[in-house]
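S.K.: My file is data03.cif. It has mmCIF, C-alpha atoms:
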data_upload
loop_
_atom_site.group_PDB
_atom_site.id
_atom_site.type_symbol
_atom_site.label_atom_id
_atom_site.label_comp_id
_atom_site.auth_asym_id
_atom_site.auth_seq_id
_atom_site.Cartn_x
_atom_site.Cartn_y
_atom_site.Cartn_z
ATOM 1 C CA MET A 1 54.147 -38.564 -50.812
ATOM 2 C CA GLY A 2 54.869 -41.429 -53.153
ATOM 3 C CA PRO A 3 52.708 -43.702 -55.306
ATOM 4 C CA ALA A 4 49.521 -43.252 -53.270
ATOM 5 C CA VAL A 5 49.516 -39.479 -53.729
ATOM 6 C CA ASP A 6 50.640 -39.777 -57.368
ATOM 7 C CA ASN A 7 47.794 -42.201 -58.130
ATOM 8 C CA LEU A 8 45.259 -39.962 -56.427
ATOM 9 C CA ARG A 9 46.504 -36.952 -58.377
ATOM 10 C CA ARG A 10 46.144 -38.837 -61.665
ATOM 11 C CA THR A 11 42.659 -40.011 -60.747
ATOM 12 C CA LEU A 12 41.491 -36.531 -59.831
ATOM 13 C CA GLU A 13 43.066 -35.039 -62.957
ATOM 14 C CA GLU A 14 41.280 -37.628 -65.109
ATOM 15 C CA GLY A 15 38.004 -36.938 -63.348
ATOM 16 C CA LEU A 16 38.311 -33.212 -63.846
ATOM 17 C CA GLY A 17 39.379 -33.786 -67.456
ATOM 18 C CA ASN A 18 36.169 -35.749 -67.985
ATOM 19 C CA GLY A 19 34.131 -32.912 -66.537
ATOM 20 C CA ASP A 20 33.444 -34.619 -63.211
ATOM 21 C CA THR A 21 33.064 -31.870 -60.650
ATOM 22 C CA ARG A 22 30.917 -33.655 -58.066
ATOM 23 C CA ILE A 23 33.286 -36.048 -56.373
ATOM 24 C CA VAL A 24 33.013 -38.225 -53.267
ATOM 25 C CA MET A 25 36.256 -39.627 -51.919
ATOM 26 C CA ASN A 26 35.930 -42.608 -49.584
ATOM 27 C CA LEU A 27 38.771 -42.602 -47.061
ATOM 28 C CA SER A 28 37.739 -45.644 -45.024
ATOM 29 C CA GLU A 29 40.860 -47.554 -46.047
ATOM 30 C CA VAL A 30 43.208 -44.630 -45.502
ATOM 31 C CA PRO A 31 44.504 -44.822 -41.920
ATOM 32 C CA MET A 32 46.472 -41.599 -42.170
ATOM 33 C CA VAL A 33 46.789 -38.607 -44.482
ATOM 34 C CA ASP A 34 50.142 -36.858 -44.703
ATOM 35 C CA SER A 35 50.802 -33.235 -45.611
ATOM 36 C CA SER A 36 51.342 -34.013 -49.298
ATOM 37 C CA GLY A 37 47.960 -35.763 -49.379
ATOM 38 C CA ILE A 38 46.334 -32.823 -47.601
ATOM 39 C CA GLY A 39 47.936 -30.417 -50.072
ATOM 40 C CA LEU A 40 46.536 -32.442 -52.951
ATOM 41 C CA LEU A 41 43.047 -32.565 -51.434
ATOM 42 C CA VAL A 42 42.808 -28.820 -50.812
ATOM 43 C CA ARG A 43 44.276 -27.946 -54.218
ATOM 44 C CA PHE A 44 41.704 -30.081 -56.027
ATOM 45 C CA LEU A 45 38.947 -28.868 -53.728
ATOM 46 C CA ALA A 46 39.755 -25.324 -54.825
ATOM 47 C CA LEU A 47 39.892 -26.300 -58.524
ATOM 48 C CA ILE A 48 36.611 -28.191 -58.348
ATOM 49 C CA LYS A 49 34.835 -25.419 -56.460
ATOM 50 C CA GLN A 50 35.974 -22.924 -59.089
ATOM 51 C CA GLN A 51 34.032 -25.056 -61.566
ATOM 52 C CA GLY A 52 30.914 -25.075 -59.415
ATOM 53 C CA GLY A 53 31.409 -28.539 -57.982
ATOM 54 C CA ASN A 54 32.568 -30.017 -54.716
ATOM 55 C CA LEU A 55 34.886 -32.674 -53.331
ATOM 56 C CA LYS A 56 33.331 -34.435 -50.342
ATOM 57 C CA LEU A 57 34.870 -36.971 -47.983
ATOM 58 C CA ALA A 58 33.214 -40.175 -46.800
ATOM 59 C CA GLN A 59 34.174 -42.337 -43.821
ATOM 60 C CA PRO A 60 37.526 -40.789 -42.949
ATOM 61 C CA SER A 61 39.339 -42.387 -40.010
ATOM 62 C CA GLN A 62 39.410 -40.550 -36.690
ATOM 63 C CA PHE A 63 43.115 -39.956 -37.158
ATOM 64 C CA ALA A 64 42.623 -38.516 -40.650
ATOM 65 C CA VAL A 65 39.939 -36.168 -39.302
ATOM 66 C CA ARG A 66 42.213 -35.138 -36.457
ATOM 67 C CA THR A 67 45.075 -34.482 -38.880
ATOM 68 C CA LEU A 68 42.886 -32.327 -41.124
ATOM 69 C CA ARG A 69 41.729 -30.431 -38.031
ATOM 70 C CA LEU A 70 45.283 -29.912 -36.776
ATOM 71 C CA VAL A 71 46.310 -28.110 -39.949
ATOM 72 C CA GLY A 72 43.103 -26.087 -40.077
ATOM 73 C CA VAL A 73 41.502 -27.492 -43.229
ATOM 74 C CA LEU A 74 38.828 -29.793 -41.789
ATOM 75 C CA ASN A 75 36.120 -27.163 -42.135
ATOM 76 C CA LEU A 76 36.857 -26.773 -45.848
ATOM 77 C CA PHE A 77 35.373 -30.222 -46.469
ATOM 78 C CA GLU A 78 31.922 -31.713 -46.108
ATOM 79 C CA ILE A 79 32.278 -35.066 -44.366
ATOM 80 C CA PHE A 80 29.795 -37.962 -44.411
ATOM 81 C CA ASP A 81 29.368 -41.301 -42.659
ATOM 82 C CA SER A 82 28.662 -43.147 -45.915
ATOM 83 C CA ASP A 83 29.122 -42.891 -49.672
ATOM 84 C CA ASP A 84 25.345 -42.839 -50.140
ATOM 85 C CA ALA A 85 24.877 -39.900 -47.817
ATOM 86 C CA ALA A 86 27.651 -37.996 -49.567
ATOM 87 C CA VAL A 87 26.220 -38.727 -53.032
ATOM 88 C CA GLU A 88 22.682 -37.820 -51.958
ATOM 89 C CA SER A 89 23.930 -34.494 -50.660
ATOM 90 C CA PHE A 90 24.677 -33.485 -54.257
ATOM 91 C CA VAL A 91 21.043 -33.968 -55.328
ATOM 92 C CA MET B 1 60.975 -29.856 -20.095
ATOM 93 C CA PRO B 2 64.481 -28.354 -20.117
ATOM 94 C CA ALA B 3 66.771 -29.387 -22.938
ATOM 95 C CA ASP B 4 70.526 -29.471 -23.266
ATOM 96 C CA SER B 5 72.491 -27.957 -26.129
ATOM 97 C CA ASN B 6 72.010 -31.089 -28.231
ATOM 98 C CA GLY B 7 68.276 -30.709 -28.091
ATOM 99 C CA GLU B 8 67.856 -33.685 -25.818
ATOM 100 C CA PRO B 9 66.127 -33.395 -22.463
ATOM 101 C CA GLU B 10 68.692 -33.516 -19.724
ATOM 102 C CA ALA B 11 70.401 -36.584 -18.328
ATOM 103 C CA ARG B 12 68.775 -39.220 -20.468
ATOM 104 C CA GLN B 13 70.398 -42.586 -20.976
ATOM 105 C CA LEU B 14 69.358 -43.568 -24.459
ATOM 106 C CA SER B 15 69.217 -47.038 -25.984
ATOM 107 C CA GLU B 16 69.543 -47.162 -29.732
ATOM 108 C CA LEU B 17 66.835 -49.207 -31.454
ATOM 109 C CA LEU B 18 67.487 -48.281 -35.061
ATOM 110 C CA ASP B 19 70.140 -46.482 -37.067
ATOM 111 C CA VAL B 20 69.606 -46.611 -40.836
ATOM 112 C CA ARG B 21 70.750 -44.710 -43.879
ATOM 113 C CA LEU B 22 68.211 -44.629 -46.665
ATOM 114 C CA PRO B 23 68.174 -43.297 -50.206
ATOM 115 C CA ALA B 24 66.090 -40.200 -50.760
ATOM 116 C CA ASP B 25 63.002 -41.777 -52.305
ATOM 117 C CA ALA B 26 59.414 -42.459 -51.289
ATOM 118 C CA GLU B 27 59.706 -46.252 -51.257
ATOM 119 C CA ALA B 28 62.583 -46.122 -48.795
ATOM 120 C CA ILE B 29 60.601 -43.753 -46.575
ATOM 121 C CA ALA B 30 57.699 -46.183 -46.406
ATOM 122 C CA LYS B 31 59.985 -49.041 -45.331
ATOM 123 C CA VAL B 32 61.585 -46.994 -42.552
ATOM 124 C CA VAL B 33 58.201 -45.777 -41.292
ATOM 125 C CA ASP B 34 57.013 -49.408 -41.202
ATOM 126 C CA THR B 35 60.159 -50.507 -39.361
ATOM 127 C CA ILE B 36 59.758 -47.785 -36.746
ATOM 128 C CA SER B 37 56.090 -48.698 -36.279
ATOM 129 C CA GLU B 38 57.092 -52.339 -35.739
ATOM 130 C CA ASN B 39 59.647 -51.258 -33.124
ATOM 131 C CA LEU B 40 56.972 -49.228 -31.341
ATOM 132 C CA MET B 41 54.628 -52.225 -31.354
ATOM 133 C CA ARG B 42 57.345 -54.294 -29.684
ATOM 134 C CA LEU B 43 57.654 -51.519 -27.088
ATOM 135 C CA GLU B 44 53.865 -51.814 -26.572
ATOM 136 C CA VAL B 45 53.285 -48.207 -27.547
ATOM 137 C CA PRO B 46 49.497 -47.615 -27.911
ATOM 138 C CA GLU B 47 48.086 -47.467 -31.434
ATOM 139 C CA GLN B 48 47.162 -43.793 -31.331
ATOM 140 C CA LYS B 49 50.671 -42.843 -30.308
ATOM 141 C CA ARG B 50 52.147 -45.122 -32.981
ATOM 142 C CA PHE B 51 50.072 -43.348 -35.634
ATOM 143 C CA GLU B 52 51.248 -39.960 -34.395
ATOM 144 C CA VAL B 53 54.894 -40.995 -34.466
ATOM 145 C CA ALA B 54 54.545 -42.705 -37.854
ATOM 146 C CA LEU B 55 53.042 -39.590 -39.431
ATOM 147 C CA ALA B 56 55.669 -37.325 -37.857
ATOM 148 C CA VAL B 57 58.469 -39.564 -39.153
ATOM 149 C CA GLN B 58 56.838 -39.668 -42.579
ATOM 150 C CA GLU B 59 56.761 -35.862 -42.631
ATOM 151 C CA ALA B 60 60.354 -35.485 -41.429
ATOM 152 C CA LEU B 61 61.660 -37.969 -44.006
ATOM 153 C CA ALA B 62 59.592 -36.400 -46.788
ATOM 154 C CA ASN B 63 61.069 -32.996 -45.929
ATOM 155 C CA ALA B 64 64.543 -34.528 -45.975
ATOM 156 C CA VAL B 65 63.924 -36.043 -49.427
ATOM 157 C CA VAL B 66 62.425 -32.916 -50.982
ATOM 158 C CA HIS B 67 64.341 -30.105 -49.285
ATOM 159 C CA GLY B 68 67.480 -31.813 -47.994
ATOM 160 C CA CYS B 69 68.164 -34.012 -51.006
ATOM 161 C CA SER B 70 66.336 -32.194 -53.824
ATOM 162 C CA ASN B 71 64.581 -35.504 -54.663
ATOM 163 C CA ASP B 72 67.925 -37.034 -55.632
ATOM 164 C CA PRO B 73 67.845 -40.753 -54.688
ATOM 165 C CA SER B 74 71.648 -40.960 -54.866
ATOM 166 C CA LYS B 75 71.725 -38.863 -51.693
ATOM 167 C CA GLN B 76 71.267 -40.448 -48.275
ATOM 168 C CA ILE B 77 69.243 -39.646 -45.187
ATOM 169 C CA ARG B 78 70.065 -40.953 -41.723
ATOM 170 C CA CYS B 79 67.250 -41.962 -39.390
ATOM 171 C CA ARG B 80 67.750 -43.050 -35.778
ATOM 172 C CA LEU B 81 65.286 -44.323 -33.201
ATOM 173 C CA LYS B 82 66.224 -44.341 -29.527
ATOM 174 C CA CYS B 83 64.409 -44.731 -26.246
ATOM 175 C CA ASP B 84 65.212 -43.881 -22.658
ATOM 176 C CA GLN B 85 64.686 -45.952 -19.515
ATOM 177 C CA ARG B 86 61.196 -44.544 -19.044
ATOM 178 C CA GLY B 87 60.113 -45.659 -22.505
ATOM 179 C CA ARG B 88 60.175 -42.200 -24.042
ATOM 180 C CA ILE B 89 61.335 -42.302 -27.637
ATOM 181 C CA VAL B 90 63.254 -39.952 -29.888
ATOM 182 C CA ILE B 91 63.590 -40.058 -33.661
ATOM 183 C CA ILE B 92 66.451 -38.172 -35.271
ATOM 184 C CA VAL B 93 66.392 -37.479 -39.015
ATOM 185 C CA THR B 94 69.486 -35.980 -40.636
ATOM 186 C CA ASP B 95 69.837 -34.977 -44.282
ATOM 187 C CA PRO B 96 72.850 -33.748 -46.288
ATOM 188 C CA GLY B 97 71.216 -30.469 -47.276
ATOM 189 C CA PRO B 98 72.065 -26.911 -46.232
ATOM 190 C CA GLY B 99 69.213 -26.803 -43.712
ATOM 191 C CA PHE B 100 66.538 -24.185 -43.214
ATOM 192 C CA ASN B 101 65.416 -21.599 -40.686
ATOM 193 C CA PRO B 102 62.248 -22.892 -38.999
ATOM 194 C CA GLU B 103 61.405 -19.366 -37.837
ATOM 195 C CA LEU B 104 60.699 -18.432 -41.458
ATOM 196 C CA LEU B 105 57.906 -20.996 -41.810
ATOM 197 C CA SER B 106 54.444 -19.496 -41.978
ATOM 198 C CA ASP B 107 51.419 -20.780 -40.098
ATOM 199 C CA PRO B 108 49.512 -23.151 -42.436
ATOM 200 C CA ARG B 109 46.254 -22.321 -40.626
ATOM 201 C CA ARG B 110 46.299 -18.707 -41.764
ATOM 202 C CA ARG B 111 43.504 -17.964 -44.197
ATOM 203 C CA GLU B 112 45.874 -17.208 -47.077
ATOM 204 C CA ASN B 113 47.613 -20.585 -46.598
ATOM 205 C CA LEU B 114 44.594 -22.863 -46.286
ATOM 206 C CA TYR B 115 44.574 -23.896 -49.960
ATOM 207 C CA ALA B 116 48.368 -24.099 -50.316
ATOM 208 C CA ASP B 117 49.597 -27.468 -51.539
ATOM 209 C CA ASN B 118 52.611 -27.517 -49.201
ATOM 210 C CA GLY B 119 53.991 -25.937 -46.034
ATOM 211 C CA ARG B 120 52.277 -28.118 -43.417
ATOM 212 C CA GLY B 121 54.930 -30.748 -42.635
ATOM 213 C CA VAL B 122 56.905 -29.118 -39.813
ATOM 214 C CA TYR B 123 53.764 -27.647 -38.278
ATOM 215 C CA LEU B 124 52.197 -31.119 -38.239
ATOM 216 C CA ILE B 125 55.298 -32.654 -36.651
ATOM 217 C CA ARG B 126 55.168 -30.054 -33.867
ATOM 218 C CA GLN B 127 51.510 -30.859 -33.231
ATOM 219 C CA LEU B 128 51.995 -34.637 -33.210
ATOM 220 C CA MET B 129 55.145 -34.897 -31.096
ATOM 221 C CA ASP B 130 55.803 -33.797 -27.520
ATOM 222 C CA GLU B 131 59.109 -32.065 -28.120
ATOM 223 C CA VAL B 132 60.768 -31.058 -31.397
ATOM 224 C CA HIS B 133 64.217 -29.576 -31.949
ATOM 225 C CA ILE B 134 65.554 -28.489 -35.321
ATOM 226 C CA GLU B 135 69.316 -28.375 -35.000
ATOM 227 C CA ARG B 136 71.395 -25.768 -36.740
ATOM 228 C CA PRO B 137 71.875 -25.322 -39.614
ATOM 229 C CA GLY B 138 68.472 -26.945 -39.926
ATOM 230 C CA ASN B 139 69.323 -30.277 -41.525
ATOM 231 C CA GLU B 140 68.586 -32.383 -38.443
ATOM 232 C CA ILE B 141 65.326 -32.780 -36.571
ATOM 233 C CA ARG B 142 64.934 -34.469 -33.182
ATOM 234 C CA MET B 143 61.424 -35.475 -32.266
ATOM 235 C CA TRP B 144 60.449 -36.773 -28.829
ATOM 236 C CA LYS B 145 57.357 -38.734 -27.862
ATOM 237 C CA TYR B 146 56.673 -39.391 -24.193
#
Represent the structure from my file as structure tokens, please.
M.R.:
Amino acid sequence: MGPAVDNLRRTLEEGLGNGDTRIVMNLSEVPMVDSSGIGLLVRFLALIKQQGGNLKLAQPSQFAVRTLRLVGVLNLFEIFDSDDAAVESFV
Amino acid sequence: MPADSNGEPEARQLSELLDVRLPADAEAIAKVVDTISENLMRLEVPEQKRFEVALAVQEALANAVVHGCSNDPSKQIRCRLKCDQRGRIVIIVTDPGPGFNPELLSDPRRRENLYADNGRGVYLIRQLMDEVHIERPGNEIRMWKY
């Protein structure tokens, strides 16, 4: 919760408002993801998929991956080792 | 491990490391989480365990802000950090709210809950910590890490 989640929400809303439905989110500088962040990610994943797009994750930390797995949502996301690999997967 | 009626494993002599009252807002949460992490570093708790505790505390305080204080920063939350002689730690978060019944929480991993934007906090705390007690009426959580 807090500014980090609020900023991410605004960014995703702006992206969707601009018609961006193919999104790669680099999590390399995010040591941990809390439940409010997870809620935001899955909500936007659902919205974006409804519009034929996808929200993919790049370079998440081991702890972030473990957290997503613990709450059962890891398999909802495609995860990549680099931004390039994630972007290329859209082609 | 058996627990006594206060939700604390039996016969533990606890040393208090932190006892703070914080306003119910996100900025205050971040400071307390940082302070607890610093205490754990001084106790030479491994990084992985520090991350687990930090996230559990973050979740407990966020629940206290949202559900216990209705996002009202004029209300206060109490957060305590203690350890026993074997280095096991307990964090106790108390809010002024009416509490809740943890048995009514649904499993966030159920298919119908996967895309929900909330409802994962307590489940996550239970996964990250070794022992969790929610004291009646549900406005205090005690979380142990061994």
S.K.: Evaluating the PyMOL selection byres ((chain A) within 9 of (chain B)) on the displayed file yields which residues, as a list in words?
M.R.: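 What the PyMOL selection byres ((chain A) within 9 of (chain B)) grabs from the file is Met1, Gly2, Pro3, Pro31, Met32, Val33, Asp34, Ser35, Ser36, Gly37, Ile38, Gly39, Leu40, Leu41, Val42, Arg43, Leu45, Ala46, Phe63, Thr67, Leu70, Val71, Gly72, Val73 and Leu76 of chain A.
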S.K.: Evaluate the PyMOL selection byres ((chain B and resi 38) around 12) against this structure - the residues, as a list in words, please.
M.R.: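 Checking the PyMOL selection byres ((chain B and resi 38) around 12) against this file, the residues are Leu17, Leu18, Lys31, Val32, Val33, Asp34, Thr35, Ile36, Ser37, Asn39, Leu40, Met41, Arg42, Leu43, Glu44, Val45, Pro46, Glu47, Arg50, Phe51, Val53, Ala54 and Leu81 of chain B.
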S.K.: Which residues are close to Val87 (chain A), i.e. within 12 Å by all atoms listed in the file, leaving aside same-chain residues fewer than 2 positions away? Reply as a list of chain:residue names.
M.R.: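 Skipping anything fewer than 2 positions along the chain leaves A:Arg22, A:Ile23, A:Val24, A:Met25, A:Asn26, A:Asn54, A:Leu55, A:Lys56, A:Leu57, A:Ala58, A:Glu78, A:Ile79, A:Phe80, A:Asp81, A:Ser82, A:Asp83, A:Asp84, A:Ala85, A:Ser89, A:Phe90, A:Val91.
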S.K.: May I ask which of the residues A:Ala86, A:Arg66, A:Leu16, A:Val30 is the closest one to Gly53 (chain A), counting all atoms listed in the file?
M.R.: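 Looking at the shortest contact to Gly53 (chain A), the residue is A:Leu16.
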S.K.: Given the PyMOL selection byres ((chain B and resi 92) around 10) and the file above, list the residues it selects as a PDB file with C-alpha atoms, in the coordinates of the input.
M.R.:
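Generated file (out26.pdb):
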ATOM      1  CA  ASP B  19      70.140 -46.482 -37.067  1.00  0.00           C
ATOM      2  CA  VAL B  57      58.469 -39.564 -39.153  1.00  0.00           C
ATOM      3  CA  ALA B  60      60.354 -35.485 -41.429  1.00  0.00           C
ATOM      4  CA  LEU B  61      61.660 -37.969 -44.006  1.00  0.00           C
ATOM      5  CA  ARG B  78      70.065 -40.953 -41.723  1.00  0.00           C
ATOM      6  CA  CYS B  79      67.250 -41.962 -39.390  1.00  0.00           C
ATOM      7  CA  ARG B  80      67.750 -43.050 -35.778  1.00  0.00           C
ATOM      8  CA  LEU B  81      65.286 -44.323 -33.201  1.00  0.00           C
ATOM      9  CA  LYS B  82      66.224 -44.341 -29.527  1.00  0.00           C
ATOM     10  CA  VAL B  90      63.254 -39.952 -29.888  1.00  0.00           C
ATOM     11  CA  ILE B  91      63.590 -40.058 -33.661  1.00  0.00           C
ATOM     12  CA  VAL B  93      66.392 -37.479 -39.015  1.00  0.00           C
ATOM     13  CA  THR B  94      69.486 -35.980 -40.636  1.00  0.00           C
ATOM     14  CA  VAL B 132      60.768 -31.058 -31.397  1.00  0.00           C
ATOM     15  CA  HIS B 133      64.217 -29.576 -31.949  1.00  0.00           C
ATOM     16  CA  ILE B 134      65.554 -28.489 -35.321  1.00  0.00           C
ATOM     17  CA  GLU B 140      68.586 -32.383 -38.443  1.00  0.00           C
ATOM     18  CA  ILE B 141      65.326 -32.780 -36.571  1.00  0.00           C
ATOM     19  CA  ARG B 142      64.934 -34.469 -33.182  1.00  0.00           C
ATOM     20  CA  MET B 143      61.424 -35.475 -32.266  1.00  0.00           C
ATOM     21  CA  TRP B 144      60.449 -36.773 -28.829  1.00  0.00           C
TER      22      TRP B 144
END
S.K.: Please complete region 97-121 of chain B with N, CA and C atoms and give it back as a short mmCIF file (atom, residue, chain, number, x, y, z; two decimals), in the frame of the given file.
M.R.:
data_model
loop_
_atom_site.label_atom_id
_atom_site.label_comp_id
_atom_site.auth_asym_id
_atom_site.auth_seq_id
_atom_site.Cartn_x
_atom_site.Cartn_y
_atom_site.Cartn_z
N GLY B 97 71.49 -31.79 -46.70
CA GLY B 97 71.22 -30.47 -47.28
C GLY B 97 71.74 -29.32 -46.44
N PRO B 98 71.55 -28.10 -46.92
CA PRO B 98 72.06 -26.91 -46.23
C PRO B 98 71.24 -26.51 -45.01
N GLY B 99 70.06 -27.14 -44.84
CA GLY B 99 69.21 -26.80 -43.71
C GLY B 99 68.29 -25.64 -44.02
N PHE B 100 67.48 -25.28 -43.03
CA PHE B 100 66.54 -24.18 -43.21
C PHE B 100 66.30 -23.52 -41.86
N ASN B 101 65.73 -22.33 -41.92
CA ASN B 101 65.42 -21.60 -40.69
C ASN B 101 63.94 -21.81 -40.35
N PRO B 102 63.65 -22.60 -39.30
CA PRO B 102 62.25 -22.89 -39.00
C PRO B 102 61.44 -21.65 -38.63
N GLU B 103 62.13 -20.59 -38.22
CA GLU B 103 61.40 -19.37 -37.84
C GLU B 103 60.78 -18.68 -39.05
N LEU B 104 61.23 -19.05 -40.25
CA LEU B 104 60.70 -18.43 -41.46
C LEU B 104 59.45 -19.13 -41.97
N LEU B 105 59.08 -20.27 -41.34
CA LEU B 105 57.91 -21.00 -41.81
C LEU B 105 56.64 -20.25 -41.40
N SER B 106 55.70 -20.19 -42.32
CA SER B 106 54.44 -19.50 -41.98
C SER B 106 53.43 -20.49 -41.41
N ASP B 107 52.45 -19.96 -40.73
CA ASP B 107 51.42 -20.78 -40.10
C ASP B 107 50.45 -21.29 -41.17
N PRO B 108 50.38 -22.62 -41.37
CA PRO B 108 49.51 -23.15 -42.44
C PRO B 108 48.03 -22.90 -42.17
N ARG B 109 47.67 -22.53 -40.94
CA ARG B 109 46.25 -22.32 -40.63
C ARG B 109 45.79 -20.92 -40.97
N ARG B 110 46.72 -20.05 -41.38
CA ARG B 110 46.30 -18.71 -41.76
C ARG B 110 45.44 -18.79 -43.03
N ARG B 111 44.47 -17.91 -43.09
CA ARG B 111 43.50 -17.96 -44.20
C ARG B 111 44.18 -18.04 -45.57
N GLU B 112 45.23 -17.25 -45.76
CA GLU B 112 45.87 -17.21 -47.08
C GLU B 112 46.65 -18.49 -47.40
N ASN B 113 46.86 -19.35 -46.37
CA ASN B 113 47.61 -20.58 -46.60
C ASN B 113 46.73 -21.83 -46.67
N LEU B 114 45.45 -21.68 -46.43
CA LEU B 114 44.59 -22.86 -46.29
C LEU B 114 44.58 -23.74 -47.54
N TYR B 115 44.64 -23.12 -48.72
CA TYR B 115 44.57 -23.90 -49.96
C TYR B 115 45.96 -24.14 -50.57
N ALA B 116 47.01 -23.84 -49.80
CA ALA B 116 48.37 -24.10 -50.32
C ALA B 116 48.59 -25.60 -50.42
N ASP B 117 49.39 -26.03 -51.41
CA ASP B 117 49.60 -27.47 -51.54
C ASP B 117 50.83 -27.95 -50.78
N ASN B 118 51.52 -27.06 -50.07
CA ASN B 118 52.61 -27.52 -49.20
C ASN B 118 52.75 -26.57 -48.01
N GLY B 119 53.75 -26.83 -47.17
CA GLY B 119 53.99 -25.94 -46.03
C GLY B 119 53.36 -26.38 -44.72
N ARG B 120 52.93 -27.64 -44.64
CA ARG B 120 52.28 -28.12 -43.42
C ARG B 120 53.11 -29.12 -42.63
N GLY B 121 54.20 -29.63 -43.23
CA GLY B 121 54.93 -30.75 -42.64
C GLY B 121 55.49 -30.47 -41.24
#
